[in-house]
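Below is one structure, written out as structure tokens, with a few remarks after it.
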Amino acid sequence: MRRTRTLAGIGIAAVTLLALTACNSGSPTTPGGDAGGDAEEPSTWFEVASDVSLEGSPTFDAMTERDGVVVGVKEDQPGLGYLDVTTGERTGFDIDIARWIAASLGFDEDKIEFKPIASANREQAITNGDIDYYVGTYSITDKRKELIDFAGPYFITGQGLLVGADTEGVETLEDLNGKTVCSATGSTPIQNIKANFPEITPKEYDLYSACVEDLINGQVDAVTTDQAILIGFAAQYPEDVKVVGDLFTEERYGVGFTKGDSALQEHINTLFTDGGDIWQAIFDKNLGESGIKVEQPAVD
Ligand code: GLU
């Protein structure tokens, strides 16, 4: 009807997919227990659905109309949402979750436009219709739900701390009273510091990478945001920074989209729930060696 079946990848994995399933909902295929076996990229582990119809979804109607998907993402968060500017390659757990959703809606990789949107601008990008959906360490909160809707959660982490590699004696936000702590504008962690830690001097940027740069240059004493994000930066700059302390909030990541699109919400939640091993394969590929221990959460 609207498009013919295409495979999200070529080669053995894709052929196996066809043999294993004739289902058309971005359905689970290979991965098995071991990060996808021979498949190099998660995009070869699911196939692009064909003849998708999502009755009553304005988002899906817009995608169909333009024959493409516009996904809001982060691109400075290693392991989660990252753009290698030299190769142009996008990697990360969130990026592959976004690809999986696109495939389940009938859109191949080359029909996806990734748009970097900073934490502070997410709700606006969604309400303006600049993006179809957002996948980027986006915590489900009641305040955000006043403006947009979420599917998920698909990942759970919590706020943590990143300090200089030589720093001693910092484990909690209380230990940073009288110090300067950096986070991203509009994020839950910056709101937490401002609301609950009056003795901390907050510093904020659009991007966490700018905070990490300040930390490395000695301009701030710590960076706070979700520990999963901080672990990615610590792996990127192991000589300079380290993650300390325990998680001190619960951050439940959702996929954000236009308020009222319950057809899309149900579609994505069903994909997560019925996705078989795909979530685990995406996790193993991107975060398996990070030390992060997270199981796939049940959707709301
Ligand atoms: N998950 C938190 C939030 O949504 C922090 C990470 C981010 O800014 O993306 O605000």
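Residues in the structure tokens are numbered from 1 in each chain, the chains being A, B, ... in the order shown, and ligands are numbered from 1 in the order shown.
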Contacts of chain A with ligand 1 up to 7 Å, shortest pair per row, only C-alpha atoms and all ligand atoms, as JSON lines:
{"residue": "A:Ser119", "atom": "CA", "partner": "ligand 1", "partner_atom_place_in_ligand_line": "8 (O)", "distance": 4.7}
{"residue": "A:Gly136", "atom": "CA", "partner": "ligand 1", "partner_atom_place_in_ligand_line": "9 (O)", "distance": 6.0}
{"residue": "A:Thr137", "atom": "CA", "partner": "ligand 1", "partner_atom_place_in_ligand_line": "9 (O)", "distance": 4.3}
{"residue": "A:Tyr138", "atom": "CA", "partner": "ligand 1", "partner_atom_place_in_ligand_line": "4 (O)", "distance": 3.9}
{"residue": "A:Ser139", "atom": "CA", "partner": "ligand 1", "partner_atom_place_in_ligand_line": "4 (O)", "distance": 3.9}
{"residue": "A:Ala184", "atom": "CA", "partner": "ligand 1", "partner_atom_place_in_ligand_line": "8 (O)", "distance": 5.9}
{"residue": "A:Gly186", "atom": "CA", "partner": "ligand 1", "partner_atom_place_in_ligand_line": "10 (O)", "distance": 6.5}
{"residue": "A:Ser187", "atom": "CA", "partner": "ligand 1", "partner_atom_place_in_ligand_line": "10 (O)", "distance": 3.3}
{"residue": "A:Thr188", "atom": "CA", "partner": "ligand 1", "partner_atom_place_in_ligand_line": "10 (O)", "distance": 4.0}
{"residue": "A:Pro189", "atom": "CA", "partner": "ligand 1", "partner_atom_place_in_ligand_line": "5 (C)", "distance": 6.0}
{"residue": "A:Thr225", "atom": "CA", "partner": "ligand 1", "partner_atom_place_in_ligand_line": "5 (C)", "distance": 5.5}
{"residue": "A:Asp226", "atom": "CA", "partner": "ligand 1", "partner_atom_place_in_ligand_line": "5 (C)", "distance": 5.5}
{"residue": "A:Glu251", "atom": "CA", "partner": "ligand 1", "partner_atom_place_in_ligand_line": "1 (N)", "distance": 5.7}
{"residue": "A:Tyr253", "atom": "CA", "partner": "ligand 1", "partner_atom_place_in_ligand_line": "1 (N)", "distance": 6.6}
What lies within 10 Å of Lys145 (chain A) using only C-alpha atoms, ignoring chain neighbours under 4 positions off, as a list in words?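 Neighbouring residues, sequence-local ones excluded: Glu123, Ile140, Thr141, Asp149, Phe150, Gly256 and Lys259 of chain A.
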How about saving the chosen residues, N, CA and C atoms kept, as a PDB file, in the first residue's frame?
ATOM      1  N   GLU A 123      10.191  20.326  24.827  1.00  0.00           N
ATOM      2  CA  GLU A 123       8.723  20.460  24.770  1.00  0.00           C
ATOM      3  C   GLU A 123       8.316  21.376  23.622  1.00  0.00           C
ATOM      4  N   ILE A 140      10.411  11.301  32.137  1.00  0.00           N
ATOM      5  CA  ILE A 140       8.957  11.473  32.209  1.00  0.00           C
ATOM      6  C   ILE A 140       8.647  12.236  33.501  1.00  0.00           C
ATOM      7  N   THR A 141       8.072  13.421  33.367  1.00  0.00           N
ATOM      8  CA  THR A 141       7.680  14.170  34.572  1.00  0.00           C
ATOM      9  C   THR A 141       6.258  14.699  34.380  1.00  0.00           C
ATOM     10  N   ASP A 149       3.100  14.239  25.509  1.00  0.00           N
ATOM     11  CA  ASP A 149       2.877  12.887  26.025  1.00  0.00           C
ATOM     12  C   ASP A 149       4.140  12.057  25.864  1.00  0.00           C
ATOM     13  N   PHE A 150       4.214  11.017  26.675  1.00  0.00           N
ATOM     14  CA  PHE A 150       5.352  10.095  26.619  1.00  0.00           C
ATOM     15  C   PHE A 150       4.873   8.672  26.379  1.00  0.00           C
ATOM     16  N   GLY A 256       9.105  11.221  23.807  1.00  0.00           N
ATOM     17  CA  GLY A 256       8.158  12.338  23.836  1.00  0.00           C
ATOM     18  C   GLY A 256       7.550  12.610  22.469  1.00  0.00           C
ATOM     19  N   LYS A 259       1.027  15.968  22.402  1.00  0.00           N
ATOM     20  CA  LYS A 259       0.008  15.597  23.386  1.00  0.00           C
ATOM     21  C   LYS A 259      -1.266  15.109  22.706  1.00  0.00           C
TER      22      LYS A 259
END
Of A:Gly106, A:Arg144, A:Val294, A:Leu54, the one nearest to Gln124 (chain A) when counting only C-alpha atoms is A:Arg144
Contacts of Ala118 (chain A) within 7 Å, only C-alpha atoms, excl. fewer than 6 positions in-chain, as a list of chain:residue names: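 My list of contacting residues is A:Lys74, A:Asp206, A:Leu207.
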Could you turn the residues from that selection into a file that holds N, CA, C and O atoms, as a CSV table (one decimal), in the first residue's frame?
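Result file is selection29.csv:
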chain,number,residue,atom,x,y,z
A,74,LYS,N,19.8,13.8,21.3
A,74,LYS,CA,21.1,14.4,21.7
A,74,LYS,C,22.2,14.0,20.8
A,74,LYS,O,22.1,12.9,20.2
A,206,ASP,N,23.5,24.8,27.6
A,206,ASP,CA,22.6,24.0,26.9
A,206,ASP,C,23.0,22.6,26.9
A,206,ASP,O,22.1,21.7,26.9
A,207,LEU,N,24.3,22.3,26.8
A,207,LEU,CA,24.8,20.9,26.6
A,207,LEU,C,25.7,20.5,27.8
A,207,LEU,O,26.4,21.3,28.3
Taking 2 positions as the minimum chain separation for residues in the same chain, which residues sit within 10 Å of region 236-238 of chain A when counting only C-alpha atoms? Answer as a ChimeraX atom specification. /A:77-79,164-165,212,216,230-234,240-243
Restricting the calculation to only C-alpha atoms: of A:Asp84, A:Asp96, A:Glu89, A:Asp261, which residue gets closest to Ile278 (chain A)?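 Of A:Asp84, A:Asp96, A:Glu89, A:Asp261, the one nearest Ile278 (chain A) is A:Asp96, counting only C-alpha atoms.
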Got a sec: who's within 12 Å of Val85 (chain A), counting only C-alpha atoms, leaving out chain neighbours fewer than 5 positions off, as a list in words? Glu75, Asp76, Arg90 and Thr91 of chain A
Please produce an output containing all heavy atoms for each residue in the selection, written as a PDB file, in the first residue's frame.
ATOM      1  N   GLU A  75      23.264  14.774  20.782  1.00  0.00           N
ATOM      2  CA  GLU A  75      24.379  14.272  19.966  1.00  0.00           C
ATOM      3  C   GLU A  75      25.736  14.506  20.622  1.00  0.00           C
ATOM      4  O   GLU A  75      26.768  14.382  19.997  1.00  0.00           O
ATOM      5  CB  GLU A  75      24.337  14.858  18.550  1.00  0.00           C
ATOM      6  CG  GLU A  75      24.386  16.344  18.441  1.00  0.00           C
ATOM      7  CD  GLU A  75      24.275  16.847  17.012  1.00  0.00           C
ATOM      8  OE1 GLU A  75      23.680  16.183  16.140  1.00  0.00           O
ATOM      9  OE2 GLU A  75      24.813  17.959  16.775  1.00  0.00           O
ATOM     10  N   ASP A  76      25.704  14.818  21.925  1.00  0.00           N
ATOM     11  CA  ASP A  76      26.988  14.989  22.629  1.00  0.00           C
ATOM     12  C   ASP A  76      27.089  14.058  23.833  1.00  0.00           C
ATOM     13  O   ASP A  76      27.902  14.298  24.712  1.00  0.00           O
ATOM     14  CB  ASP A  76      27.150  16.453  23.082  1.00  0.00           C
ATOM     15  CG  ASP A  76      26.169  16.831  24.191  1.00  0.00           C
ATOM     16  OD1 ASP A  76      25.032  16.294  24.190  1.00  0.00           O
ATOM     17  OD2 ASP A  76      26.541  17.637  25.056  1.00  0.00           O
ATOM     18  N   ARG A  90      25.977   8.366  13.758  1.00  0.00           N
ATOM     19  CA  ARG A  90      25.276   8.551  15.029  1.00  0.00           C
ATOM     20  C   ARG A  90      25.205   7.220  15.745  1.00  0.00           C
ATOM     21  O   ARG A  90      24.831   6.202  15.147  1.00  0.00           O
ATOM     22  CB  ARG A  90      23.856   9.071  14.798  1.00  0.00           C
ATOM     23  CG  ARG A  90      23.844  10.513  14.400  1.00  0.00           C
ATOM     24  CD  ARG A  90      22.437  11.055  14.253  1.00  0.00           C
ATOM     25  NE  ARG A  90      22.513  12.338  13.583  1.00  0.00           N
ATOM     26  CZ  ARG A  90      22.652  13.503  14.211  1.00  0.00           C
ATOM     27  NH1 ARG A  90      22.689  13.547  15.519  1.00  0.00           N
ATOM     28  NH2 ARG A  90      22.731  14.623  13.527  1.00  0.00           N
ATOM     29  N   THR A  91      25.547   7.249  17.031  1.00  0.00           N
ATOM     30  CA  THR A  91      25.517   6.024  17.816  1.00  0.00           C
ATOM     31  C   THR A  91      24.860   6.298  19.159  1.00  0.00           C
ATOM     32  O   THR A  91      24.730   7.447  19.576  1.00  0.00           O
ATOM     33  CB  THR A  91      26.942   5.495  18.092  1.00  0.00           C
ATOM     34  OG1 THR A  91      27.715   6.562  18.654  1.00  0.00           O
ATOM     35  CG2 THR A  91      27.601   4.983  16.836  1.00  0.00           C
TER      36      THR A  91
END
Residue among A:Thr224, A:Asn196, A:Ser53, A:Thr258 lying closest to Glu146 (chain A), counting only C-alpha atoms: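 When distances to Glu146 (chain A) are compared using only C-alpha atoms, the smallest one comes from A:Thr258.
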Sel. of alpha helix (DSSP H) residues, region 147-210 of chain A, as an NGL selection string: :A and (188-196 or 208-210)
What does the distance between CA of Phe248 (chain A) and CA of Gly158 (chain A) come to in Å, to one decimal place?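 Interatomic distance here is 6.2 Å.
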Could you give me the residues within region 65-175 of chain A that DSSP places in strand (DSSP E or B), as a VMD selection string? chain A and resid 69 to 73 76 to 77 81 to 84 89 to 91 112 to 116 133 to 134 139 148 to 157 159 to 164
What separation in Å, quoted to one decimal, exists between CA of Val71 (chain A) and CA of Ala103 (chain A)?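 So the answer is 12.5 Å.
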I need the residue nearest Val69 (chain A) from this list: A:Ile117, A:Val220, A:Ala98, A:Ile268. Use only C-alpha atoms for the distance.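 Closest candidate: A:Ala98.
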Residue contacts of region 173-182 of chain A (8 Å, only C-alpha atoms) excluding same-chain residues fewer than 2 positions away, as a short mmCIF file (atom, residue, chain, number, x, y, z; two decimals) with N, CA and C atoms, in the first residue's frame:
data_model
loop_
_atom_site.label_atom_id
_atom_site.label_comp_id
_atom_site.auth_asym_id
_atom_site.auth_seq_id
_atom_site.Cartn_x
_atom_site.Cartn_y
_atom_site.Cartn_z
N LEU A 161 26.83 12.19 40.11
CA LEU A 161 27.84 13.25 40.13
C LEU A 161 29.09 12.86 39.37
N GLY A 169 36.58 13.06 48.56
CA GLY A 169 35.64 13.51 49.58
C GLY A 169 34.31 14.03 49.06
N VAL A 170 34.01 13.81 47.79
CA VAL A 170 32.70 14.21 47.27
C VAL A 170 31.91 12.96 46.90
N GLU A 171 30.78 12.79 47.57
CA GLU A 171 29.92 11.64 47.29
C GLU A 171 28.48 12.06 47.05
N ALA A 184 22.55 21.00 32.70
CA ALA A 184 21.96 21.58 31.48
C ALA A 184 20.70 22.37 31.80
N ILE A 190 19.21 20.27 37.05
CA ILE A 190 19.44 21.69 37.37
C ILE A 190 18.28 22.21 38.21
N PHE A 197 19.09 22.90 46.89
CA PHE A 197 20.46 23.07 47.38
C PHE A 197 20.91 24.52 47.24
N GLU A 199 22.85 26.31 48.85
CA GLU A 199 24.26 26.64 49.10
C GLU A 199 25.17 26.25 47.95
N ILE A 200 24.60 25.63 46.94
CA ILE A 200 25.38 25.31 45.73
C ILE A 200 25.19 26.43 44.72
N THR A 201 26.27 26.84 44.06
CA THR A 201 26.14 27.81 42.97
C THR A 201 25.92 27.03 41.68
N PRO A 202 24.74 27.19 41.07
CA PRO A 202 24.50 26.44 39.84
C PRO A 202 25.12 27.14 38.63
N LYS A 203 25.61 26.36 37.72
CA LYS A 203 26.06 26.92 36.44
C LYS A 203 25.38 26.09 35.37
N GLU A 204 24.89 26.72 34.33
CA GLU A 204 24.20 25.91 33.33
C GLU A 204 24.58 26.27 31.90
N TYR A 205 24.52 25.26 31.09
CA TYR A 205 24.75 25.39 29.65
C TYR A 205 23.63 24.63 28.95
N CYS A 211 29.52 21.53 30.15
CA CYS A 211 29.77 21.38 31.59
C CYS A 211 31.02 20.54 31.82
N VAL A 220 34.38 24.53 37.10
CA VAL A 220 33.31 24.12 38.01
C VAL A 220 33.83 22.94 38.84
N ASP A 221 33.15 22.68 39.98
CA ASP A 221 33.63 21.63 40.88
C ASP A 221 33.02 20.26 40.57
N ALA A 222 31.88 20.27 39.93
CA ALA A 222 31.21 18.99 39.60
C ALA A 222 30.20 19.22 38.49
N VAL A 223 29.83 18.13 37.85
CA VAL A 223 28.71 18.14 36.89
C VAL A 223 27.68 17.17 37.44
N THR A 224 26.43 17.58 37.41
CA THR A 224 25.39 16.63 37.82
C THR A 224 24.36 16.45 36.72
#
